[in-house]
>>> print(open('input-v2.cif').read())   # mmCIF, C-alpha atoms
data_structure
loop_
_atom_site.label_atom_id
_atom_site.label_comp_id
_atom_site.auth_asym_id
_atom_site.auth_seq_id
_atom_site.Cartn_x
_atom_site.Cartn_y
_atom_site.Cartn_z
CA MET W 1 25.87 5.29 -0.17
CA GLU W 2 28.77 3.05 -1.10
CA ASN W 3 29.16 1.44 2.33
CA GLY W 4 25.66 2.13 3.65
CA SER W 5 23.46 -0.68 4.80
CA ILE W 6 19.97 -1.47 3.61
CA LEU W 7 18.44 -0.14 6.82
CA GLU W 8 20.32 3.16 6.43
CA THR W 9 19.02 3.45 2.88
CA ILE W 10 15.31 3.00 3.66
CA GLY W 11 15.19 3.78 7.38
CA GLN W 12 13.37 7.06 6.91
CA GLU W 13 10.98 5.42 4.46
CA ILE W 14 10.18 2.65 6.93
CA ILE W 15 9.20 5.24 9.54
CA GLY W 16 7.22 7.16 6.92
CA VAL W 17 5.12 4.06 6.18
CA MET W 18 4.84 2.55 9.66
CA SER W 19 3.67 5.78 11.28
CA PRO W 20 0.44 6.18 9.24
CA VAL W 21 -0.23 2.44 9.49
CA SER W 22 0.07 2.66 13.28
CA ILE W 23 -2.18 5.74 13.40
CA CYS W 24 -4.79 4.00 11.26
CA MET W 25 -4.80 0.88 13.44
CA PHE W 26 -4.92 2.92 16.66
CA LEU W 27 -7.90 5.00 15.53
CA VAL W 28 -9.79 1.90 14.36
CA VAL W 29 -9.25 0.28 17.76
CA LEU W 30 -10.38 3.52 19.40
CA LEU W 31 -13.53 3.52 17.26
CA VAL W 32 -14.27 -0.09 18.16
CA TYR W 33 -13.88 0.61 21.87
CA THR W 34 -15.73 3.92 22.05
CA VAL W 35 -18.38 3.83 19.34
CA TYR W 36 -18.98 0.09 18.97
CA ASN W 37 -19.29 -1.85 22.20
CA PRO W 38 -16.90 -4.85 21.89
CA SER W 39 -18.82 -6.96 24.41
CA THR W 40 -22.04 -6.71 22.44
CA ALA W 41 -20.47 -6.58 18.98
CA ALA W 42 -18.67 -9.88 19.46
CA THR W 43 -21.89 -11.70 20.38
CA SER W 44 -24.34 -9.77 18.23
CA THR W 45 -26.60 -11.86 16.04
CA SER W 46 -27.22 -9.05 13.56
CA SER W 47 -24.66 -8.51 10.83
CA ILE W 48 -24.46 -6.38 7.73
CA ARG W 49 -24.61 -8.01 4.32
CA THR W 50 -21.54 -7.17 2.23
CA ALA W 51 -19.52 -8.71 -0.58
CA ALA W 52 -17.51 -10.57 2.08
CA ASN W 53 -20.51 -12.54 3.38
CA LEU W 54 -22.80 -12.98 0.40
CA VAL W 55 -23.16 -16.74 0.76
CA TYR W 56 -23.36 -17.30 4.51
CA LEU W 57 -24.56 -14.99 7.25
CA GLU W 58 -23.06 -16.20 10.51
CA SER W 59 -25.28 -16.76 13.54
CA SER W 60 -24.28 -17.43 17.13
CA SER W 61 -26.54 -20.49 17.21
CA ASP W 62 -24.61 -22.20 14.36
CA SER W 63 -22.18 -24.99 15.13
CA THR W 64 -18.41 -24.62 14.71
CA SER W 65 -18.38 -26.72 11.54
CA GLN W 66 -21.17 -24.63 10.02
CA LYS W 67 -19.34 -21.40 10.83
CA LEU W 68 -16.07 -22.69 9.36
CA GLU W 69 -17.72 -24.00 6.20
CA GLY W 70 -19.73 -20.83 5.69
CA ALA W 71 -16.68 -18.63 6.34
CA ILE W 72 -14.65 -20.56 3.73
CA LEU W 73 -17.46 -20.17 1.18
CA ASN W 74 -17.66 -16.45 1.91
CA ALA W 75 -13.89 -16.06 1.50
CA ILE W 76 -13.87 -17.96 -1.81
CA VAL W 77 -16.70 -15.85 -3.24
CA PHE W 78 -15.08 -12.63 -2.01
CA VAL W 79 -11.69 -13.49 -3.56
CA VAL W 80 -13.36 -14.51 -6.84
CA ILE W 81 -15.21 -11.17 -6.97
CA ILE W 82 -12.00 -9.24 -6.31
CA THR W 83 -10.15 -11.24 -8.97
CA LEU W 84 -12.85 -10.62 -11.58
CA VAL W 85 -13.00 -6.91 -10.78
CA THR W 86 -9.20 -6.65 -10.96
CA PHE W 87 -9.10 -8.36 -14.36
CA LEU W 88 -11.88 -6.04 -15.53
CA LEU W 89 -9.85 -3.01 -14.42
CA LEU W 90 -6.81 -4.50 -16.17
CA LEU W 91 -8.82 -4.88 -19.37
CA LEU W 92 -10.07 -1.30 -19.18
CA TYR W 93 -6.56 -0.04 -18.51
CA TYR W 94 -5.18 -2.11 -21.41
CA TYR W 95 -7.61 -0.45 -23.82
CA ARG W 96 -6.78 2.96 -22.31
CA PHE W 97 -10.08 3.76 -20.61
CA ASN W 98 -8.04 5.92 -18.25
CA ASN W 99 -10.67 8.62 -17.84
CA PHE W 100 -13.32 6.06 -16.92
CA LEU W 101 -11.00 4.51 -14.32
CA LEU W 102 -10.18 7.92 -12.90
CA TYR W 103 -13.83 8.94 -12.58
CA TYR W 104 -14.73 5.52 -11.17
CA THR W 105 -12.06 5.85 -8.49
CA ARG W 106 -13.20 9.37 -7.65
CA PHE W 107 -16.80 8.24 -7.39
CA SER W 108 -15.78 5.36 -5.12
CA VAL W 109 -13.87 7.68 -2.78
CA PHE W 110 -16.75 10.17 -2.80
CA SER W 111 -19.21 7.36 -1.93
CA ILE W 112 -17.01 6.09 0.90
CA PHE W 113 -16.66 9.53 2.46
CA SER W 114 -20.33 10.41 2.06
CA THR W 115 -22.12 7.14 2.96
CA MET W 116 -19.76 5.16 5.19
CA GLY W 117 -18.24 8.29 6.71
CA SER W 118 -21.62 9.80 7.53
CA SER W 119 -22.75 6.52 9.10
CA ILE W 120 -19.72 6.46 11.39
CA LEU W 121 -20.27 10.15 12.21
CA ILE W 122 -23.89 9.40 13.16
CA SER W 123 -22.67 6.61 15.45
CA ILE W 124 -20.23 8.99 17.13
CA ILE W 125 -22.95 11.62 17.59
CA GLN W 126 -25.32 9.06 19.12
CA ARG W 127 -22.64 7.57 21.34
CA PHE W 128 -21.61 10.89 22.91
CA ASN W 129 -25.03 12.60 22.65
CA ILE W 130 -23.70 15.52 20.62
CA PRO W 131 -26.48 18.05 19.82
CA VAL W 132 -26.38 18.54 16.04
CA ASP W 133 -29.27 19.55 13.80
CA ALA W 134 -29.86 18.05 10.35
CA VAL W 135 -28.73 21.12 8.39
CA THR W 136 -25.43 21.39 10.27
CA PHE W 137 -24.84 17.67 9.89
CA PHE W 138 -25.48 17.86 6.14
CA ILE W 139 -23.07 20.79 5.74
CA LEU W 140 -20.38 18.98 7.76
CA VAL W 141 -20.71 15.79 5.72
CA LEU W 142 -20.73 17.72 2.43
CA ASN W 143 -17.59 19.67 3.31
CA PHE W 144 -15.86 16.58 4.64
CA THR W 145 -16.70 14.58 1.50
CA VAL W 146 -15.77 17.24 -1.05
CA ILE W 147 -12.54 18.30 0.65
CA GLY W 148 -11.53 14.70 1.27
CA THR W 149 -12.13 13.64 -2.34
CA ILE W 150 -10.31 16.66 -3.76
CA SER W 151 -7.33 16.22 -1.46
CA VAL W 152 -6.93 12.53 -2.38
CA PHE W 153 -6.68 13.22 -6.12
CA SER W 154 -5.32 16.75 -6.37
CA ASN W 155 -1.59 17.31 -6.88
CA GLY W 156 -1.64 20.93 -5.72
CA ILE W 157 -2.53 20.11 -2.12
CA PRO W 158 0.21 19.67 0.51
CA ILE W 159 1.31 16.06 0.86
CA ILE W 160 0.44 15.96 4.57
CA VAL W 161 -3.21 16.79 3.77
CA LYS W 162 -3.36 14.07 1.13
CA GLN W 163 -1.75 11.54 3.46
CA SER W 164 -4.16 12.42 6.28
CA ASN W 165 -7.22 11.92 4.07
CA MET W 166 -5.85 8.62 2.78
CA VAL W 167 -5.52 7.45 6.39
CA VAL W 168 -9.08 8.63 7.14
CA LEU W 169 -10.27 6.70 4.09
CA GLY W 170 -8.63 3.54 5.40
CA ILE W 171 -10.13 4.06 8.87
CA ILE W 172 -13.66 4.40 7.48
CA VAL W 173 -13.50 1.23 5.38
CA ALA W 174 -11.75 -0.76 8.12
CA ALA W 175 -14.35 0.29 10.68
CA TRP W 176 -17.06 -1.08 8.39
CA PHE W 177 -15.22 -4.37 7.88
CA THR W 178 -14.99 -4.89 11.64
CA ALA W 179 -18.76 -5.43 11.59
CA LEU W 180 -18.26 -8.74 9.78
CA PRO W 181 -18.80 -11.96 11.76
CA GLU W 182 -15.76 -13.33 13.58
CA TRP W 183 -15.18 -16.54 11.63
CA THR W 184 -15.74 -14.82 8.29
CA THR W 185 -13.29 -12.06 9.22
CA TRP W 186 -10.41 -14.40 10.01
CA VAL W 187 -10.91 -16.66 6.99
CA VAL W 188 -11.30 -13.68 4.64
CA LEU W 189 -8.07 -12.14 5.97
CA VAL W 190 -6.12 -15.34 5.33
CA ALA W 191 -7.69 -15.73 1.87
CA LEU W 192 -6.81 -12.13 0.95
CA ALA W 193 -3.20 -12.64 2.05
CA LEU W 194 -2.93 -15.69 -0.21
CA TYR W 195 -4.60 -13.81 -3.07
CA ASP W 196 -2.23 -10.88 -2.67
CA LEU W 197 0.73 -13.25 -2.81
CA ALA W 198 -0.48 -14.89 -6.02
CA ALA W 199 -1.73 -11.71 -7.71
CA VAL W 200 1.55 -9.82 -7.27
CA LEU W 201 4.15 -12.58 -7.70
CA ALA W 202 2.51 -15.19 -9.97
CA PRO W 203 3.40 -14.87 -13.69
CA GLY W 204 -0.25 -14.42 -14.73
CA GLY W 205 -1.37 -12.54 -11.62
CA PRO W 206 -3.67 -9.58 -12.34
CA LEU W 207 -1.69 -7.14 -10.22
CA LYS W 208 1.59 -8.25 -11.76
CA LEU W 209 0.17 -7.76 -15.24
CA LEU W 210 -1.17 -4.36 -14.26
CA VAL W 211 2.21 -3.29 -12.88
CA GLU W 212 4.06 -4.47 -15.97
CA LEU W 213 1.60 -2.72 -18.26
CA ALA W 214 1.92 0.53 -16.34
CA SER W 215 5.72 0.24 -16.41
CA THR W 216 5.84 -0.26 -20.18
CA ARG W 217 3.64 2.81 -20.66
CA ASP W 218 5.58 4.85 -18.11
CA GLU W 219 2.35 5.72 -16.30
CA GLU W 220 1.12 5.71 -12.75
CA LEU W 221 -1.31 2.98 -11.76
CA PRO W 222 -5.01 3.93 -11.53
CA ALA W 223 -5.13 2.92 -7.87
CA LEU W 224 -5.33 4.37 -4.38
CA VAL W 225 -1.82 4.26 -2.96
CA TYR W 226 -0.34 5.93 0.09
CA GLU W 227 2.86 7.80 -0.77
CA SER W 228 5.51 8.25 1.90
CA ARG W 229 6.68 11.37 0.06
CA PRO W 230 5.65 13.34 -3.06
CA ASN W 231 6.47 11.89 -6.46
CA VAL W 232 9.35 13.41 -8.39
CA VAL W 233 8.49 13.87 -12.06
CA ARG W 234 11.17 12.43 -14.31
CA ASN W 235 11.66 12.89 -18.00
CA SER W 236 12.43 9.25 -18.64
CA GLY W 237 12.51 5.87 -17.03
CA ALA W 238 9.75 3.48 -16.20
CA ARG W 239 8.05 3.94 -12.89
CA GLY W 240 7.58 0.76 -10.95
CA SER W 241 4.33 0.53 -9.03
CA SER W 242 2.02 -1.93 -7.36
CA LEU W 243 -1.33 -2.11 -5.62
CA GLY W 244 0.26 -3.80 -2.67
CA LEU W 245 3.69 -2.59 -1.55
CA LEU W 246 6.21 -1.02 -3.89
CA VAL W 247 9.25 1.09 -4.44
CA ALA W 248 10.00 2.66 -7.81
CA PRO W 249 13.54 1.26 -8.05
CA GLY W 250 14.15 1.23 -11.79
CA ILE W 251 15.25 3.99 -14.08
CA GLY W 252 14.39 2.20 -17.29
CA ILE W 253 17.83 0.75 -17.97
CA GLY W 254 16.76 -1.07 -21.09
CA ALA W 255 14.53 1.68 -22.40
CA GLY W 256 17.26 3.44 -24.29
CA VAL W 257 19.07 0.43 -25.80
CA ASP W 258 19.32 0.39 -29.58
CA ASN W 259 19.70 -3.03 -31.17
CA ASP W 260 20.59 -1.95 -34.68
CA ASN W 261 23.85 -2.76 -36.52
CA SER W 262 25.51 0.47 -35.58
CA GLY W 263 26.22 -0.76 -32.04
CA GLY W 264 24.47 -0.74 -28.67
CA ALA W 265 23.68 2.57 -27.03
CA VAL W 266 22.54 3.15 -23.49
CA GLU W 267 21.28 6.48 -22.30
CA LEU W 268 21.44 7.09 -18.59
CA GLN W 269 19.50 10.07 -17.45
CA GLU W 270 20.19 11.35 -13.96
CA LEU W 271 18.87 14.34 -12.11
CA LEU W 272 21.82 15.93 -10.35
CA ARG W 273 20.64 17.77 -7.26
CA ASN W 274 22.20 21.15 -6.54
CA SER W 275 21.31 23.75 -3.96
CA ASP W 276 18.92 25.70 -6.19
CA ASN W 277 18.37 23.80 -9.42
CA ARG W 278 18.53 20.39 -11.09
CA GLU W 279 20.84 19.60 -13.98
CA HIS W 280 19.93 17.02 -16.57
CA LEU W 281 22.91 14.89 -17.60
CA VAL W 282 22.83 12.52 -20.57
CA ILE W 283 25.71 10.09 -21.04
CA ASP W 284 25.95 8.15 -24.28
CA VAL W 285 27.92 4.91 -24.13
CA ARG W 286 28.86 3.42 -27.50
CA GLY W 287 30.13 -0.08 -28.25
CA ASN W 288 33.45 -1.20 -29.65
CA GLU W 289 32.18 -0.84 -33.22
CA ARG W 290 32.49 2.93 -32.96
CA GLU W 291 35.42 4.57 -34.74
CA ASN W 292 36.83 6.14 -31.60
CA GLY W 293 37.01 2.84 -29.68
CA GLY W 294 35.78 2.22 -26.16
CA GLU W 295 35.11 5.75 -24.93
CA ILE W 296 32.66 7.26 -22.52
CA GLU W 297 31.95 10.70 -23.81
CA GLU W 298 29.60 13.34 -22.58
CA VAL W 299 26.94 14.33 -25.09
CA SER W 300 25.19 17.20 -23.34
CA GLU W 301 24.66 18.83 -20.01
CA ASP W 302 22.07 21.54 -19.47
CA ALA W 303 24.10 23.51 -16.92
CA GLY W 304 26.94 23.96 -19.34
CA GLU W 305 29.62 22.08 -17.40
CA THR W 306 31.84 19.63 -19.28
CA LEU W 307 33.52 16.39 -18.30
CA PRO W 308 36.76 15.18 -19.86
CA LEU W 309 36.75 12.19 -22.17
CA VAL W 310 37.71 8.98 -20.41
CA GLU W 311 39.60 6.25 -22.25
CA ASN W 312 39.19 2.77 -20.79
CA SER W 313 38.73 -0.87 -21.69
CA SER W 314 35.30 -2.39 -22.30
CA ASP W 315 35.39 -4.36 -19.02
CA ALA W 316 36.23 -1.27 -16.99
CA ASN W 317 33.45 0.63 -18.75
CA ARG W 318 31.00 -2.11 -17.93
CA VAL W 319 31.98 -2.13 -14.26
CA SER W 320 31.79 1.64 -14.03
CA LEU W 321 28.41 1.64 -15.75
CA ARG W 322 27.08 -1.00 -13.36
CA ASN W 323 28.24 0.99 -10.33
CA ASP W 324 26.58 4.12 -11.66
CA ILE W 325 23.34 2.23 -12.25
CA GLU W 326 23.31 0.79 -8.73
CA GLU W 327 24.03 4.18 -7.20
CA MET W 328 21.27 5.86 -9.19
CA GLU W 329 18.82 3.06 -8.28
CA SER W 330 19.58 3.66 -4.60
CA GLU W 331 19.07 7.40 -5.02
CA GLU W 332 15.85 6.75 -6.97
CA MET W 333 14.46 4.57 -4.19
CA THR W 334 15.31 7.15 -1.56
CA GLU W 335 13.87 10.04 -3.57
CA ARG W 336 10.64 8.46 -4.76
CA GLY W 337 9.85 6.75 -1.49
CA ILE W 338 7.67 3.77 -0.66
CA LYS W 339 4.06 3.37 -1.72
CA LEU W 340 1.61 1.22 0.21
CA GLY W 341 -1.78 0.20 -1.14
CA MET W 342 -4.85 1.32 0.77
CA GLY W 343 -5.99 -2.30 0.98
CA ASP W 344 -3.04 -3.00 3.25
CA PHE W 345 -4.05 -0.14 5.56
CA ILE W 346 -7.60 -1.46 5.67
CA PHE W 347 -6.92 -5.12 6.39
CA TYR W 348 -4.18 -4.41 8.94
CA SER W 349 -6.71 -2.27 10.80
CA VAL W 350 -9.47 -4.89 10.39
CA LEU W 351 -7.22 -7.44 12.10
CA VAL W 352 -6.47 -5.28 15.14
CA GLY W 353 -10.09 -4.06 15.21
CA ARG W 354 -11.32 -7.65 15.42
CA ALA W 355 -8.68 -8.35 18.09
CA ALA W 356 -9.95 -5.33 20.06
CA MET W 357 -13.36 -7.02 20.34
CA TYR W 358 -11.78 -9.67 22.55
CA ASP W 359 -9.07 -8.12 24.71
CA LEU W 360 -6.42 -5.40 24.67
CA MET W 361 -3.69 -7.98 25.16
CA THR W 362 -4.51 -9.48 21.77
CA VAL W 363 -4.44 -5.96 20.28
CA TYR W 364 -0.87 -5.42 21.49
CA ALA W 365 0.25 -8.80 20.18
CA CYS W 366 -1.40 -8.31 16.78
CA TYR W 367 -0.02 -4.79 16.42
CA LEU W 368 3.55 -5.91 17.12
CA ALA W 369 3.13 -8.85 14.75
CA ILE W 370 1.80 -6.63 11.92
CA ILE W 371 4.53 -4.03 12.33
CA SER W 372 7.19 -6.77 12.45
CA GLY W 373 5.80 -8.33 9.28
CA LEU W 374 5.70 -4.97 7.53
CA GLY W 375 9.31 -4.32 8.53
CA CYS W 376 10.38 -7.70 7.15
CA THR W 377 8.54 -6.95 3.90
CA LEU W 378 10.25 -3.56 3.58
CA ILE W 379 13.67 -5.16 4.09
CA LEU W 380 12.85 -7.78 1.44
CA LEU W 381 11.72 -4.93 -0.78
CA ALA W 382 15.09 -3.20 -0.46
CA VAL W 383 16.86 -6.47 -1.32
CA CYS W 384 14.63 -7.61 -4.19
CA ARG W 385 14.02 -4.12 -5.62
CA HIS W 386 10.68 -4.96 -7.21
CA ALA W 387 7.03 -4.83 -6.17
CA LEU W 388 6.13 -7.16 -3.29
CA PRO W 389 2.79 -7.95 -1.60
CA ALA W 390 2.49 -6.36 1.83
CA LEU W 391 -0.28 -8.55 3.26
CA PRO W 392 1.09 -12.13 3.50
CA ILE W 393 3.81 -11.80 6.18
CA SER W 394 1.92 -9.31 8.36
CA ILE W 395 -1.43 -11.12 8.15
CA ALA W 396 0.20 -14.50 8.82
CA LEU W 397 2.02 -13.19 11.89
CA GLY W 398 -1.03 -11.25 13.08
CA VAL W 399 -3.42 -14.20 12.85
CA MET W 400 -0.89 -16.53 14.47
CA PHE W 401 -0.15 -14.12 17.34
CA TYR W 402 -3.86 -13.49 17.89
CA PHE W 403 -4.72 -17.14 18.44
CA LEU W 404 -1.53 -17.84 20.44
CA THR W 405 -2.28 -14.89 22.71
CA ARG W 406 -5.96 -15.74 23.07
CA LEU W 407 -5.49 -19.47 23.66
CA LEU W 408 -2.18 -19.56 25.57
CA MET W 409 -0.85 -16.23 26.79
CA GLU W 410 -4.08 -14.61 27.98
CA PRO W 411 -5.21 -17.55 30.19
CA PHE W 412 -1.72 -17.79 31.67
CA VAL W 413 -1.43 -14.05 32.43
CA VAL W 414 -4.97 -13.83 33.83
CA GLY W 415 -4.47 -16.94 35.95
CA ALA W 416 -1.15 -15.74 37.30
CA SER W 417 -2.59 -12.29 38.07
CA THR W 418 -5.69 -13.60 39.86
CA ASN W 419 -3.55 -15.91 41.98
CA LEU W 420 -1.26 -13.00 42.91
CA MET W 421 1.69 -14.61 41.13
CA MET W 422 2.10 -11.64 38.77
CA PHE W 423 1.46 -7.97 39.44
#
>>> encode(input="input-v2.cif", output="structure tokens")
Amino acid sequence: MENGSILETIGQEIIGVMSPVSICMFLVVLLVYTVYNPSTAATSTSSIRTAANLVYLESSSDSTSQKLEGAILNAIVFVVIITLVTFLLLLLYYYRFNNFLLYYTRFSVFSIFSTMGSSILISIIQRFNIPVDAVTFFILVLNFTVIGTISVFSNGIPIIVKQSNMVVLGIIVAAWFTALPEWTTWVVLVALALYDLAAVLAPGGPLKLLVELASTRDEELPALVYESRPNVVRNSGARGSSLGLLVAPGIGIGAGVDNDNSGGAVELQELLRNSDNREHLVIDVRGNERENGGEIEEVSEDAGETLPLVENSSDANRVSLRNDIEEMESEEMTERGIKLGMGDFIFYSVLVGRAAMYDLMTVYACYLAIISGLGCTLILLAVCRHALPALPISIALGVMFYFLTRLLMEPFVVGASTNLMMF
């Protein structure tokens, strides 16, 4: 990978993330069009009461200023609730209530599959008049819930099954969020993008603190994340992670540095891939205070092979060490893959689901905008090599393209088509 570009390095990972995101958005749009009638849903006066509209319940008879003010209040309350819950989870994780967090996450997934999933299944049955008795329906929901929950958290299940159930989980939650009023939906999406930006990148952001704490403990985050490929268990090195968008780029460079008077020591641990097995190589680099001078000597290698001792100056050693670190970081990123938070799946799909309630032209524009924003974020991720929020760029482009298409492009295309100027 010496002369390879960034796109060549993460090209397969980009496809591995964009494909499930596209599938999730497509199925949410399909649900909106088939199960929920967009023409009636957009003008419906009835709305569900959720954490996203606790303060103000939008009505079609309200004025524009009332809708905007109520939507802003709803967004502020929703973001405050999410922030408080995130800090609470951070506090629990700090005091090592890992089992409680694990069971809480499992219960949440079980509740989503059983309650929200069964509600959507009932809507599908009613929409297509499918003859199903109560006992059969209960057995279907029970099997769907149990298998879905086990597959999300079990490590012994094939990765494709786990990925499929994660996508189904995102579809269920996104389909519920599309029932929010129009003004509240757009303002909440913008507020969540801003929150994601601050929570991941700000010095005191809750997600940033959670990521740093998990990295220092060398543990996985207690969160629902979509993995583009299975995790590779390593014997050392901190695992970078994030609730938004992340790559595990680091190998814990500073984890093995000794600061005592005997000289600095850096242990680089690399998994060398062979055809049948993996060899664990440990290289010990000593400073100039050692008796044998600036040498890079091999300490141990499990496979039994030996490397000759290399005599070189300290500058050359430093350059060689830096090149090895960069190469191993690139291999680490390629091997561990990209992780995308389930919240990103959900709110991408909410945006296109809301766009589907107006016109298919806005759906196409929002989809292209979201995918373009996600691609830009992935490229920035390969350059920055640390956790980045996945919502801001995609949501900003999606909202902008939605209103530009609805206010400018759609009237122009419709007018040109009706006047036989465009076919």
>>> closest_atom_pairs(input="input-v2.cif", of="segment 91-156 of chain W", to="segment 168-178 of chain W", cutoff="10 Å", atoms="all atoms listed in the file", output="JSON lines")
{"residue": "W:Val109", "atom": "CA", "partner": "W:Leu169", "partner_atom": "CA", "distance": 7.8}
{"residue": "W:Ile112", "atom": "CA", "partner": "W:Leu169", "partner_atom": "CA", "distance": 7.5}
{"residue": "W:Phe113", "atom": "CA", "partner": "W:Leu169", "partner_atom": "CA", "distance": 7.2}
{"residue": "W:Thr115", "atom": "CA", "partner": "W:Ile172", "partner_atom": "CA", "distance": 10.0}
{"residue": "W:Met116", "atom": "CA", "partner": "W:Ile172", "partner_atom": "CA", "distance": 6.6}
{"residue": "W:Gly117", "atom": "CA", "partner": "W:Ile172", "partner_atom": "CA", "distance": 6.1}
{"residue": "W:Ser118", "atom": "CA", "partner": "W:Ile172", "partner_atom": "CA", "distance": 9.6}
{"residue": "W:Ser119", "atom": "CA", "partner": "W:Ile172", "partner_atom": "CA", "distance": 9.5}
{"residue": "W:Ile120", "atom": "CA", "partner": "W:Ile172", "partner_atom": "CA", "distance": 7.5}
{"residue": "W:Leu121", "atom": "CA", "partner": "W:Ile172", "partner_atom": "CA", "distance": 10.0}
{"residue": "W:Gly148", "atom": "CA", "partner": "W:Leu169", "partner_atom": "CA", "distance": 8.6}
{"residue": "W:Thr149", "atom": "CA", "partner": "W:Leu169", "partner_atom": "CA", "distance": 9.6}
{"residue": "W:Val152", "atom": "CA", "partner": "W:Leu169", "partner_atom": "CA", "distance": 9.3}
>>> residues_around(input="input-v2.cif", residues="Val350 of chain W", least_positions_apart="2", cutoff="12 Å", atoms="all atoms listed in the file", output="count of residues only")
46
>>> atom_distance(input="input-v2.cif", atom1="atom CA of Leu201 of chain W", atom2="atom CA of Ala387 of chain W")
8.4 Å
>>> resolve_selection(input="input-v2.cif", expression="the PyMOL selection byres ((chain W and resi 81) around 12)", output="PyMOL selection string")
chain W and resi 50-54+74-80+82-88+192+195
>>> closest_residue(input="input-v2.cif", among="W:Ser123, W:Thr362, W:Ser65, W:Asn143", to="Phe401 of chain W", atoms="all atoms listed in the file")
W:Thr362
>>> closest_residue(input="input-v2.cif", among="W:Thr64, W:Lys339, W:Phe110, W:Arg96", to="Leu142 of chain W", atoms="all atoms listed in the file")
W:Phe110
>>> closest_residue(input="input-v2.cif", among="W:Ala365, W:Val141, W:Ala202, W:Val35", to="Asn129 of chain W", atoms="only C-alpha atoms")
W:Val35
>>> resolve_selection(input="input-v2.cif", expression="the PyMOL selection byres ((chain W and resi 371) around 10)", output="list of chain:residue names")
W:Met18, W:Ser19, W:Val21, W:Ser22, W:Tyr348, W:Cys366, W:Tyr367, W:Leu368, W:Ala369, W:Ile370, W:Ser372, W:Gly373, W:Leu374, W:Gly375, W:Cys376, W:Thr377, W:Ile393, W:Ser394, W:Leu397, W:Gly398
>>> decode(input="input-v2.cif", residues="segment 158-200 of chain W", atoms="C-alpha atoms", output="mmCIF file, in the first residue's frame")
data_model
loop_
_atom_site.group_PDB
_atom_site.id
_atom_site.type_symbol
_atom_site.label_atom_id
_atom_site.label_comp_id
_atom_site.auth_asym_id
_atom_site.auth_seq_id
_atom_site.Cartn_x
_atom_site.Cartn_y
_atom_site.Cartn_z
ATOM 1 C CA PRO W 158 -22.738 -15.366 10.595
ATOM 2 C CA ILE W 159 -21.976 -11.703 10.024
ATOM 3 C CA ILE W 160 -24.513 -11.422 7.191
ATOM 4 C CA VAL W 161 -27.330 -12.445 9.573
ATOM 5 C CA LYS W 162 -26.223 -9.891 12.150
ATOM 6 C CA GLN W 163 -25.939 -7.162 9.525
ATOM 7 C CA SER W 164 -29.399 -7.978 8.139
ATOM 8 C CA ASN W 165 -31.032 -7.739 11.559
ATOM 9 C CA MET W 166 -29.245 -4.463 12.275
ATOM 10 C CA VAL W 167 -30.689 -3.071 9.037
ATOM 11 C CA VAL W 168 -34.161 -4.349 9.991
ATOM 12 C CA LEU W 169 -33.768 -2.654 13.371
ATOM 13 C CA GLY W 170 -32.982 0.641 11.666
ATOM 14 C CA ILE W 171 -35.949 0.260 9.306
ATOM 15 C CA ILE W 172 -38.384 -0.302 12.182
ATOM 16 C CA VAL W 173 -37.266 2.738 14.172
ATOM 17 C CA ALA W 174 -37.053 4.957 11.077
ATOM 18 C CA ALA W 175 -40.556 3.954 9.996
ATOM 19 C CA TRP W 176 -41.845 5.076 13.391
ATOM 20 C CA PHE W 177 -40.025 8.404 13.195
ATOM 21 C CA THR W 178 -41.617 9.156 9.826
ATOM 22 C CA ALA W 179 -44.913 9.531 11.706
ATOM 23 C CA LEU W 180 -43.630 12.752 13.288
ATOM 24 C CA PRO W 181 -45.082 16.057 12.032
ATOM 25 C CA GLU W 182 -43.291 17.654 9.090
ATOM 26 C CA TRP W 183 -41.881 20.762 10.755
ATOM 27 C CA THR W 184 -40.763 18.829 13.825
ATOM 28 C CA THR W 185 -39.032 16.232 11.647
ATOM 29 C CA TRP W 186 -36.896 18.734 9.754
ATOM 30 C CA VAL W 187 -35.913 20.793 12.793
ATOM 31 C CA VAL W 188 -35.112 17.667 14.828
ATOM 32 C CA LEU W 189 -32.891 16.334 12.019
ATOM 33 C CA VAL W 190 -30.905 19.575 11.878
ATOM 34 C CA ALA W 191 -30.625 19.691 15.686
ATOM 35 C CA LEU W 192 -29.384 16.088 15.819
ATOM 36 C CA ALA W 193 -26.745 16.805 13.173
ATOM 37 C CA LEU W 194 -25.453 19.731 15.239
ATOM 38 C CA TYR W 195 -25.542 17.623 18.409
ATOM 39 C CA ASP W 196 -23.625 14.816 16.718
ATOM 40 C CA LEU W 197 -20.977 17.300 15.598
ATOM 41 C CA ALA W 198 -20.523 18.696 19.110
ATOM 42 C CA ALA W 199 -20.788 15.371 20.955
ATOM 43 C CA VAL W 200 -18.094 13.649 18.871
#
